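Peer 1: My file is structure-v5.txt. It has compact mmCIF, C-alpha atoms:
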```
# COMPACT_ATOMS: atom_id res chain seq x y z
CA MET A 289 133.32 115.64 112.37
CA LEU A 290 132.01 113.45 109.55
CA ALA A 291 130.35 111.17 112.09
CA SER A 292 128.64 114.16 113.70
CA CYS A 293 127.36 115.38 110.32
CA ALA A 294 126.05 111.93 109.49
CA THR A 295 124.27 111.75 112.85
CA VAL A 296 122.65 115.15 112.29
CA ALA A 297 121.59 114.15 108.77
CA LEU A 298 120.03 110.91 109.99
CA ALA A 299 118.24 112.73 112.79
CA GLY A 300 116.91 115.30 110.31
CA ALA A 301 115.67 112.56 108.01
CA ALA A 302 113.92 110.84 110.90
CA ILE A 303 112.21 114.11 111.89
CA ALA A 304 111.16 114.84 108.31
CA ALA A 305 109.72 111.35 107.72
CA PRO A 306 105.90 111.53 107.79
CA ALA A 307 104.09 109.55 110.44
CA PRO A 308 102.14 106.56 109.16
CA LEU A 309 98.57 107.49 108.26
CA THR A 310 96.00 105.54 110.29
CA LEU A 311 92.51 104.84 109.04
CA ALA A 312 90.95 106.96 111.80
CA GLU A 313 93.27 109.88 111.05
CA ALA A 314 92.48 109.66 107.34
CA GLN A 315 88.75 109.83 108.07
CA ARG A 316 89.21 112.74 110.48
CA LEU A 317 91.27 114.66 107.93
CA ALA A 318 88.75 114.01 105.15
CA ILE A 319 85.85 115.35 107.22
CA GLU A 320 87.91 118.29 108.42
CA ARG A 321 88.90 119.24 104.87
CA SER A 322 85.36 119.09 103.47
CA ARG A 323 84.02 122.52 102.55
CA GLN A 324 80.53 121.10 102.78
CA MET A 325 80.81 121.11 106.57
CA VAL A 326 81.28 124.89 106.61
CA ALA A 327 78.35 125.35 104.20
CA TYR A 328 76.12 123.21 106.41
CA ASP A 329 77.12 125.19 109.50
CA SER A 330 76.23 128.44 107.73
CA ALA A 331 72.85 127.06 106.68
CA ILE A 332 72.12 125.84 110.23
CA THR A 333 73.03 129.23 111.70
CA ALA A 334 70.83 131.02 109.15
CA ALA A 335 67.83 128.75 109.86
CA ARG A 336 68.20 129.23 113.62
CA GLY A 337 68.46 132.97 113.09
CA MET A 338 65.21 132.89 111.13
CA ALA A 339 63.60 130.93 113.96
CA VAL A 340 64.51 133.69 116.39
CA ALA A 341 63.32 136.40 113.99
CA ALA A 342 60.03 134.59 113.50
CA THR A 343 59.17 135.06 117.17
CA GLN A 344 58.71 138.78 116.42
CA LEU A 345 55.82 138.11 114.04
CA PRO A 346 52.22 138.16 115.28
CA GLU A 347 50.00 135.07 115.11
CA LEU A 348 52.44 132.97 113.07
CA LYS A 349 55.45 133.45 115.34
CA ALA A 350 55.23 130.13 117.21
CA ALA A 351 54.53 128.03 114.11
CA LEU A 352 57.15 129.80 111.99
CA ALA A 353 59.76 129.63 114.73
CA GLU A 354 59.17 125.88 114.99
CA ARG A 355 59.31 125.55 111.22
CA TYR A 356 62.73 127.22 111.00
CA ALA A 357 63.98 125.19 113.95
CA ARG A 358 62.95 122.01 112.13
CA LYS A 359 64.72 123.31 109.00
CA ALA A 360 67.90 123.74 111.05
CA ASP A 361 67.50 120.15 112.31
CA LEU A 362 67.12 118.93 108.74
CA VAL A 363 70.32 120.64 107.61
CA ALA A 364 72.12 119.25 110.66
CA ALA A 365 70.96 115.76 109.64
CA GLN A 366 72.24 116.38 106.11
CA LYS A 367 75.58 117.37 107.59
CA VAL A 368 75.75 114.13 109.60
CA ALA A 369 74.84 112.07 106.52
CA THR A 370 77.60 113.76 104.54
CA ARG A 371 80.14 113.09 107.33
CA VAL A 372 79.20 109.41 107.26
CA ASP A 373 79.52 109.30 103.45
CA ILE A 374 82.94 110.98 103.56
CA ALA A 375 84.18 108.62 106.26
CA GLY A 376 83.00 105.60 104.28
CA GLU A 377 84.57 106.75 101.02
CA THR A 378 87.82 107.55 102.81
CA ALA A 379 87.88 104.11 104.43
CA ARG A 380 87.42 102.45 101.06
CA ALA A 381 90.24 104.53 99.55
CA TRP A 382 92.54 103.77 102.51
CA PHE A 383 91.89 100.03 102.34
CA GLU A 384 92.38 100.05 98.57
CA CYS A 385 95.83 101.61 99.00
CA HIS A 386 96.76 99.17 101.74
CA TYR A 387 95.82 95.99 99.95
CA VAL A 388 96.97 96.99 96.46
CA GLU A 389 100.38 97.84 97.92
CA GLN A 390 100.40 94.48 99.68
CA MET A 391 99.63 92.71 96.40
CA THR A 392 102.33 94.74 94.67
CA ARG A 393 104.89 93.46 97.18
CA VAL A 394 103.77 89.87 96.50
CA ALA A 395 104.11 90.47 92.76
CA ALA A 396 107.55 92.05 93.21
CA ASP A 397 108.77 89.02 95.19
CA GLN A 398 107.50 86.63 92.55
CA LEU A 399 109.08 88.74 89.83
CA LYS A 400 112.45 88.33 91.53
CA PHE A 401 111.96 84.56 91.68
CA ALA A 402 110.96 84.54 88.00
CA GLN A 403 114.10 86.46 87.04
CA VAL A 404 116.22 83.90 88.88
CA GLU A 405 114.41 81.10 87.06
CA VAL A 406 115.02 82.77 83.68
CA ASP A 407 118.72 83.28 84.45
CA GLY A 408 119.02 79.63 85.44
CA ALA A 409 117.06 78.46 82.39
CA GLU A 410 119.25 80.43 80.00
CA HIS A 411 122.36 78.96 81.61
CA MET A 412 120.95 75.44 81.32
CA TYR A 413 119.87 76.04 77.73
CA GLY A 414 123.34 77.26 76.83
CA ALA A 415 124.76 74.07 78.37
CA GLY A 416 122.35 71.93 76.36
CA ARG A 417 120.44 70.74 79.43
CA LEU A 418 117.13 72.50 78.64
CA THR A 419 114.83 72.46 75.66
CA GLN A 420 114.00 75.59 73.75
CA ALA A 421 110.33 75.15 74.65
CA ASP A 422 111.14 75.22 78.38
CA LEU A 423 113.29 78.31 77.88
CA TYR A 424 110.44 80.12 76.17
CA ALA A 425 108.04 78.98 78.90
CA THR A 426 110.34 80.52 81.51
CA ARG A 427 110.58 83.77 79.62
CA SER A 428 106.81 83.85 79.18
CA MET A 429 106.35 83.44 82.92
CA LEU A 430 108.70 86.38 83.53
CA VAL A 431 106.72 88.56 81.14
CA LEU A 432 103.45 87.58 82.84
CA PHE A 433 104.84 88.49 86.26
CA GLU A 434 106.16 91.78 84.88
CA ASP A 435 102.72 92.53 83.44
CA LYS A 436 101.00 91.74 86.75
CA TRP A 437 103.47 93.87 88.70
CA SER A 438 102.99 96.74 86.24
CA GLU A 439 99.20 96.49 86.55
CA LEU A 440 99.42 96.61 90.35
CA GLU A 441 101.82 99.55 90.25
CA HIS A 442 99.21 101.40 88.19
CA ARG A 443 96.44 100.43 90.60
CA GLY A 444 98.60 101.60 93.48
CA ARG A 445 99.12 105.04 91.92
CA ALA A 446 95.40 105.34 91.20
CA ALA A 447 94.59 104.31 94.78
CA ARG A 448 96.92 106.97 96.17
CA ILE A 449 95.32 109.63 93.96
CA ALA A 450 91.88 108.58 95.24
CA LEU A 451 93.08 108.73 98.85
CA LYS A 452 94.64 112.17 98.35
CA ARG A 453 91.30 113.44 97.10
CA TRP A 454 90.07 113.04 100.67
CA VAL A 455 93.14 113.67 102.85
CA GLY A 456 95.34 115.92 100.71
CA ASP A 457 99.12 115.60 100.93
CA ALA A 458 98.77 113.28 103.92
CA GLY A 459 97.89 110.64 101.32
CA ASP A 460 101.57 110.45 100.38
CA ALA A 461 102.51 109.11 103.83
CA PRO A 462 103.05 105.40 104.45
CA LEU A 463 99.95 103.69 105.80
CA ALA A 464 99.74 102.53 109.39
CA ALA A 465 98.86 98.97 110.37
CA LEU A 466 95.38 97.69 109.70
CA PRO A 467 92.80 98.19 112.45
CA SER A 468 91.44 95.17 114.25
CA MET A 469 88.64 93.76 112.11
CA ASP A 470 87.80 90.60 114.04
CA ARG A 471 84.39 91.91 115.09
CA ILE A 472 81.68 94.29 113.99
CA LEU A 473 79.91 96.81 116.18
CA LEU A 474 76.37 96.13 114.97
CA ARG A 475 74.45 93.14 116.32
CA PRO A 476 72.07 91.38 113.92
CA ALA A 477 69.46 90.98 116.67
CA ALA A 478 69.39 94.73 117.40
CA LEU A 479 69.45 96.18 113.89
CA GLU A 480 65.93 97.63 113.97
CA GLY A 481 66.78 99.73 117.00
CA ASP A 482 70.33 100.62 115.99
CA LEU A 483 69.54 101.66 112.42
CA VAL A 484 67.02 104.26 113.56
CA ARG A 485 70.22 106.32 113.90
CA HIS A 486 71.26 105.60 110.31
CA PRO A 487 71.82 109.02 108.70
CA GLN A 488 69.45 108.44 105.79
CA VAL A 489 66.70 107.24 108.13
CA ALA A 490 67.31 110.17 110.47
CA LEU A 491 67.23 112.55 107.51
CA LEU A 492 63.79 111.31 106.47
CA GLU A 493 62.58 111.61 110.06
CA LYS A 494 63.67 115.27 110.07
CA GLN A 495 61.83 115.77 106.78
CA GLU A 496 58.70 114.32 108.39
CA ARG A 497 59.02 116.75 111.32
CA LEU A 498 59.55 119.64 108.93
CA ALA A 499 56.40 118.63 107.04
CA ALA A 500 54.51 118.46 110.36
CA SER A 501 55.62 122.00 111.18
CA ASP A 502 54.40 123.10 107.73
CA VAL A 503 50.97 121.75 108.68
CA ARG A 504 50.94 123.88 111.84
CA VAL A 505 52.08 126.94 109.87
CA GLY A 506 49.21 126.39 107.43
CA GLN A 507 46.70 126.05 110.24
CA ALA A 508 48.00 129.20 111.94
CA ASP A 509 47.88 131.05 108.63
CA ARG A 510 44.25 129.92 108.13
CA GLN A 511 45.01 128.23 104.83
CA SER A 512 42.20 126.54 102.93
CA PRO A 513 41.34 122.91 103.78
CA PRO A 514 42.70 121.63 100.42
CA GLU A 515 46.03 123.37 101.07
CA ILE A 516 46.28 121.90 104.55
CA ALA A 517 45.29 118.47 103.21
CA ALA A 518 48.11 118.67 100.65
CA THR A 519 50.57 119.55 103.41
CA LEU A 520 49.29 116.67 105.54
CA ALA A 521 49.81 114.33 102.60
CA LYS A 522 53.45 115.45 102.36
CA ARG A 523 53.90 114.66 106.05
CA GLU A 524 52.43 111.18 105.63
CA GLU A 525 54.56 110.64 102.55
CA ALA A 526 57.70 111.57 104.51
CA ARG A 527 56.68 109.23 107.35
CA ALA A 528 56.09 106.33 104.96
CA ALA A 529 59.42 107.00 103.22
CA ARG A 530 61.20 106.96 106.58
CA ASP A 531 59.61 103.63 107.59
CA GLU A 532 60.39 102.09 104.21
CA LYS A 533 63.99 103.34 104.36
CA LEU A 534 64.45 101.79 107.81
CA ARG A 535 63.21 98.40 106.55
CA ALA A 536 65.49 98.66 103.52
CA GLU A 537 68.53 99.55 105.62
CA VAL A 538 67.87 96.69 108.05
CA ALA A 539 67.58 94.19 105.19
CA GLU A 540 70.71 95.52 103.47
CA MET A 541 72.68 95.45 106.70
CA ARG A 542 71.69 91.83 107.32
CA ILE A 543 73.01 90.99 103.85
CA LEU A 544 76.24 92.90 104.51
CA ILE A 545 76.80 91.14 107.82
CA ASP A 546 76.18 87.74 106.24
CA GLU A 547 78.57 88.62 103.39
CA TRP A 548 81.23 89.78 105.87
CA GLN A 549 80.93 86.51 107.80
CA HIS A 550 81.17 84.55 104.53
CA LEU A 551 84.31 86.46 103.52
CA ARG A 552 85.81 85.84 106.96
CA ASP A 553 85.26 82.10 106.47
CA ARG A 554 86.90 82.25 103.03
CA LEU A 555 89.79 84.26 104.42
CA ASP A 556 90.31 81.66 107.12
CA ARG A 557 90.47 78.93 104.47
CA TYR A 558 93.07 80.89 102.52
CA ALA A 559 95.15 81.59 105.62
CA ARG A 560 94.97 78.08 107.08
CA GLN A 561 94.85 75.90 103.98
CA LEU A 562 94.96 77.23 100.43
CA VAL A 563 98.06 79.45 100.63
CA SER A 564 100.07 76.88 102.56
CA LEU A 565 98.95 74.08 100.22
CA ALA A 566 99.99 76.11 97.18
CA ARG A 567 103.36 76.76 98.80
CA GLU A 568 103.83 73.08 99.61
CA ARG A 569 102.97 72.19 96.02
CA THR A 570 105.66 74.58 94.75
CA LEU A 571 108.26 73.16 97.14
CA ALA A 572 107.34 69.57 96.22
CA THR A 573 107.50 70.35 92.51
CA LEU A 574 110.84 72.09 92.97
CA ALA A 575 112.24 69.04 94.76
CA ALA A 576 110.92 66.78 92.01
CA TYR A 577 112.41 69.05 89.34
CA ARG A 578 115.81 68.98 91.00
CA GLY A 579 115.53 65.20 91.19
CA GLY A 580 114.67 64.94 87.51
CA LYS A 581 111.10 63.82 88.16
CA ALA A 582 109.30 67.03 87.08
CA THR A 583 109.70 69.37 84.16
CA LEU A 584 110.48 73.06 84.32
CA THR A 585 107.03 73.75 82.87
CA GLU A 586 105.44 71.94 85.82
CA LEU A 587 107.55 73.97 88.24
CA LEU A 588 106.54 77.22 86.58
CA ALA A 589 102.87 76.23 86.72
CA ALA A 590 103.17 75.51 90.44
CA ARG A 591 104.91 78.84 91.03
CA ARG A 592 102.25 80.73 89.14
CA ALA A 593 99.44 78.92 90.96
CA GLU A 594 101.02 79.84 94.29
CA THR A 595 101.18 83.51 93.31
CA GLU A 596 97.57 83.53 92.14
CA THR A 597 96.47 81.92 95.41
CA GLN A 598 98.35 84.53 97.43
CA MET A 599 96.81 87.31 95.36
CA GLN A 600 93.33 85.88 95.76
CA GLY A 601 93.85 85.64 99.50
CA VAL A 602 94.76 89.33 99.65
CA GLU A 603 91.78 90.22 97.42
CA THR A 604 89.49 88.30 99.77
CA GLU A 605 90.92 90.11 102.77
CA ARG A 606 90.43 93.42 100.94
CA GLU A 607 86.77 92.66 100.26
CA ALA A 608 86.24 91.63 103.89
CA ALA A 609 87.84 94.89 105.05
CA ARG A 610 85.64 96.98 102.74
CA MET A 611 82.57 95.12 104.01
CA TRP A 612 83.68 95.64 107.61
CA ALA A 613 84.01 99.38 106.94
CA ARG A 614 80.51 99.60 105.41
CA ILE A 615 79.06 97.94 108.50
CA ASN A 616 81.10 99.68 111.20
CA PHE A 617 80.89 103.19 109.76
CA ALA A 618 77.20 103.07 108.89
CA LEU A 619 76.25 105.10 111.97
CA PRO A 620 77.56 108.56 112.89
CA ASP A 621 78.54 107.63 116.44
CA ARG A 622 81.21 105.28 115.03
CA LEU A 623 83.14 108.08 113.33
CA PRO A 624 86.46 109.43 114.64
CA THR A 625 86.44 112.82 116.33
CA ALA A 626 89.11 115.49 116.17
CA PRO A 627 91.34 115.81 119.25
CA PRO A 628 90.69 119.04 121.20
CA GLN A 629 94.27 120.22 120.53
CA ALA A 630 93.85 119.73 116.76
CA SER A 631 90.51 121.54 116.78
CA ALA A 632 91.97 124.45 118.67
CA ALA A 633 94.90 124.65 116.31
CA GLU A 634 92.60 124.64 113.29
CA GLY A 635 90.49 127.39 114.80
CA ALA A 636 93.56 129.54 115.30
CA ARG A 637 94.51 129.40 111.61
```
Would you write out, as structure tokens, the structure that this file holds?
Peer 2:
Amino acid sequence: MLASCATVALAGAAIAAPAPLTLAEAQRLAIERSRQMVAYDSAITAARGMAVAATQLPELKAALAERYARKADLVAAQKVATRVDIAGETARAWFECHYVEQMTRVAADQLKFAQVEVDGAEHMYGAGRLTQADLYATRSMLVLFEDKWSELEHRGRAARIALKRWVGDAGDAPLAALPSMDRILLRPAALEGDLVRHPQVALLEKQERLAASDVRVGQADRQSPPEIAATLAKREEARAARDEKLRAEVAEMRILIDEWQHLRDRLDRYARQLVSLARERTLATLAAYRGGKATLTELLAARRAETETQMQGVETEREAARMWARINFALPDRLPTAPPQASAAEGAR
């Protein structure tokens, strides 16, 4: 009977445990939860309705209908730009949680080692085999590790709060494994063509088209030449702003790609050399200490250097991940889409 109850309890716990939150699911949830999406849809519907109504007006109907259609396109572009922004912010929050929690685990492991060292040092000091200075050095190391662990715990809580801003209670779930980040989806040689689809560039293009429709409305309405000239100037201004924005985005993306490649090189050095060298130094110093050829202070310094190297390696990986996200989620066609089943379920609520 007791065994049956235990089995049921374990099964219930397994069912209740939340599924790990993937990056793609976090982004999908964040976009789905945004009230801005509903507001944009309402504005698009209203503009298209005005376009239909405008066809009932004499003389201006064609120009006004086009103008409202272009307004609907502009709002749709704003919606896409907001989706991209939300996905990017969510990715940064998700990665922050992942890597801060990884660093917290490193700090917790080192804190355990430090506690063992303090216990051993106090025993040796009581036996007269350790100086008071070495004892204090050991205790100081423990306090430093406790402080680092406490700082990371705080960062972890803050990161979870930031993630929950986007995904709600799903932000309490454990995080799934990292996505593959060995490659980026944008090619440096094709940036000029690819970044035409960048949401900010597309938004300015829609503004240019809206300004062009305003010119046609003015002409149909027989506005004065100065008024039409002013409207033409707005169209040219929008066109110039779009071209300048495209050049700026291409240049910035080249910098981001170069920075990502640089971080990947640094990460490779940490993974292949620096972390292992720091570990070997600690082991060598420990062996020398046990053989009476190194002091406890030297051992503590090696241990601390190893921890700092591990932490820096994780920080480098975190920066590379954030850079990868900025590159890969720069365009709207890279964003996750809601499964049909989920969309249907949401519509039924």
Peer 1: Calculated over all atoms listed in the file, which of the candidates A:Gln420, A:Gly580, A:Arg358, A:Leu562 has the smallest distance to Glu594 in chain A?
Peer 2: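 With all atoms listed in the file as the atom set, the closest residue is A:Leu562.
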Peer 1: Under the rule that all atoms listed in the file are counted, which of A:Met599, A:Ile472, A:Val538, A:Ile543 is the nearest residue to Ala396 in chain A?
Peer 2: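 The shortest atom-to-atom distance to Ala396 in chain A comes from A:Met599.
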Peer 1: Could you check which of A:Leu483, A:Val363, A:Leu623, A:Ala447 is closest to Ala331 in chain A, using all atoms listed in the file?
Peer 2: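 Once distances to Ala331 in chain A are computed over all atoms listed in the file, the minimum belongs to A:Val363.
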Peer 1: Find the distance between CA of Pro476 in chain A and CA of Asp546 in chain A and write it in Å to one decimal.
Peer 2: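 CA of Asp546 in chain A lies at a distance of 9.4 Å from CA of Pro476 in chain A.
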Peer 1: If you count all atoms listed in the file, which residues fall within 9 Å of range 375-385 of chain A, apart from same-chain ones fewer than 4 positions away, as an MDAnalysis selection string?
Peer 2: chainID A and resid 310:312 314:316 318:319 370:371 389:390 443:448 450:455 459 463 466 606 609:610 613:614 617:618 623:624
Peer 1: How close does range 525-585 of chain A get to range 422-427 of chain A? List, as a tab-separated table, each residue of range 525-585 of chain A within 9 Å, its nearest atom pair and the distance in Å to one decimal, counting all atoms listed in the file.
Peer 2:
```
residue	atom	partner	partner_atom	distance
A:Thr583	CA	A:Asp422	CA	8.3
A:Leu584	CA	A:Asp422	CA	6.4
A:Thr585	CA	A:Asp422	CA	6.3
```
Peer 1: A:Leu440, A:Leu309, A:Gln398, A:Arg323: which is nearest Pro462 in chain A, counting all atoms listed in the file?
Peer 2: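 When distances to Pro462 in chain A are compared using all atoms listed in the file, the smallest one comes from A:Leu309.
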Peer 1: Would you kindly return, as a count of residues only, each protein, DNA or RNA residue with an atom no farther than 10 Å from any atom of Asp502 in chain A, considering all atoms listed in the file and excluding same-chain residues fewer than 2 positions away?
Peer 2: 21
Peer 1: Between A:Ala464, A:Pro514, A:Arg554, A:Gln549, which one has atoms that come closest to Pro308 in chain A, using only C-alpha atoms?
Peer 2: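 Ranking A:Ala464, A:Pro514, A:Arg554, A:Gln549 by distance to Pro308 in chain A, first place goes to A:Ala464.
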Peer 1: Taking into account all atoms listed in the file, which residue in the set A:Asp460, A:Glu605, A:Asp482, A:Glu525 is nearest to Leu619 in chain A?
Peer 2: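 Once distances to Leu619 in chain A are computed over all atoms listed in the file, the minimum belongs to A:Asp482.
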Peer 1: Figure out the distance between CA of Arg321 in chain A and CA of Glu493 in chain A, please, to one decimal in Å.
Peer 2: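 These two atoms are separated by 27.9 Å.
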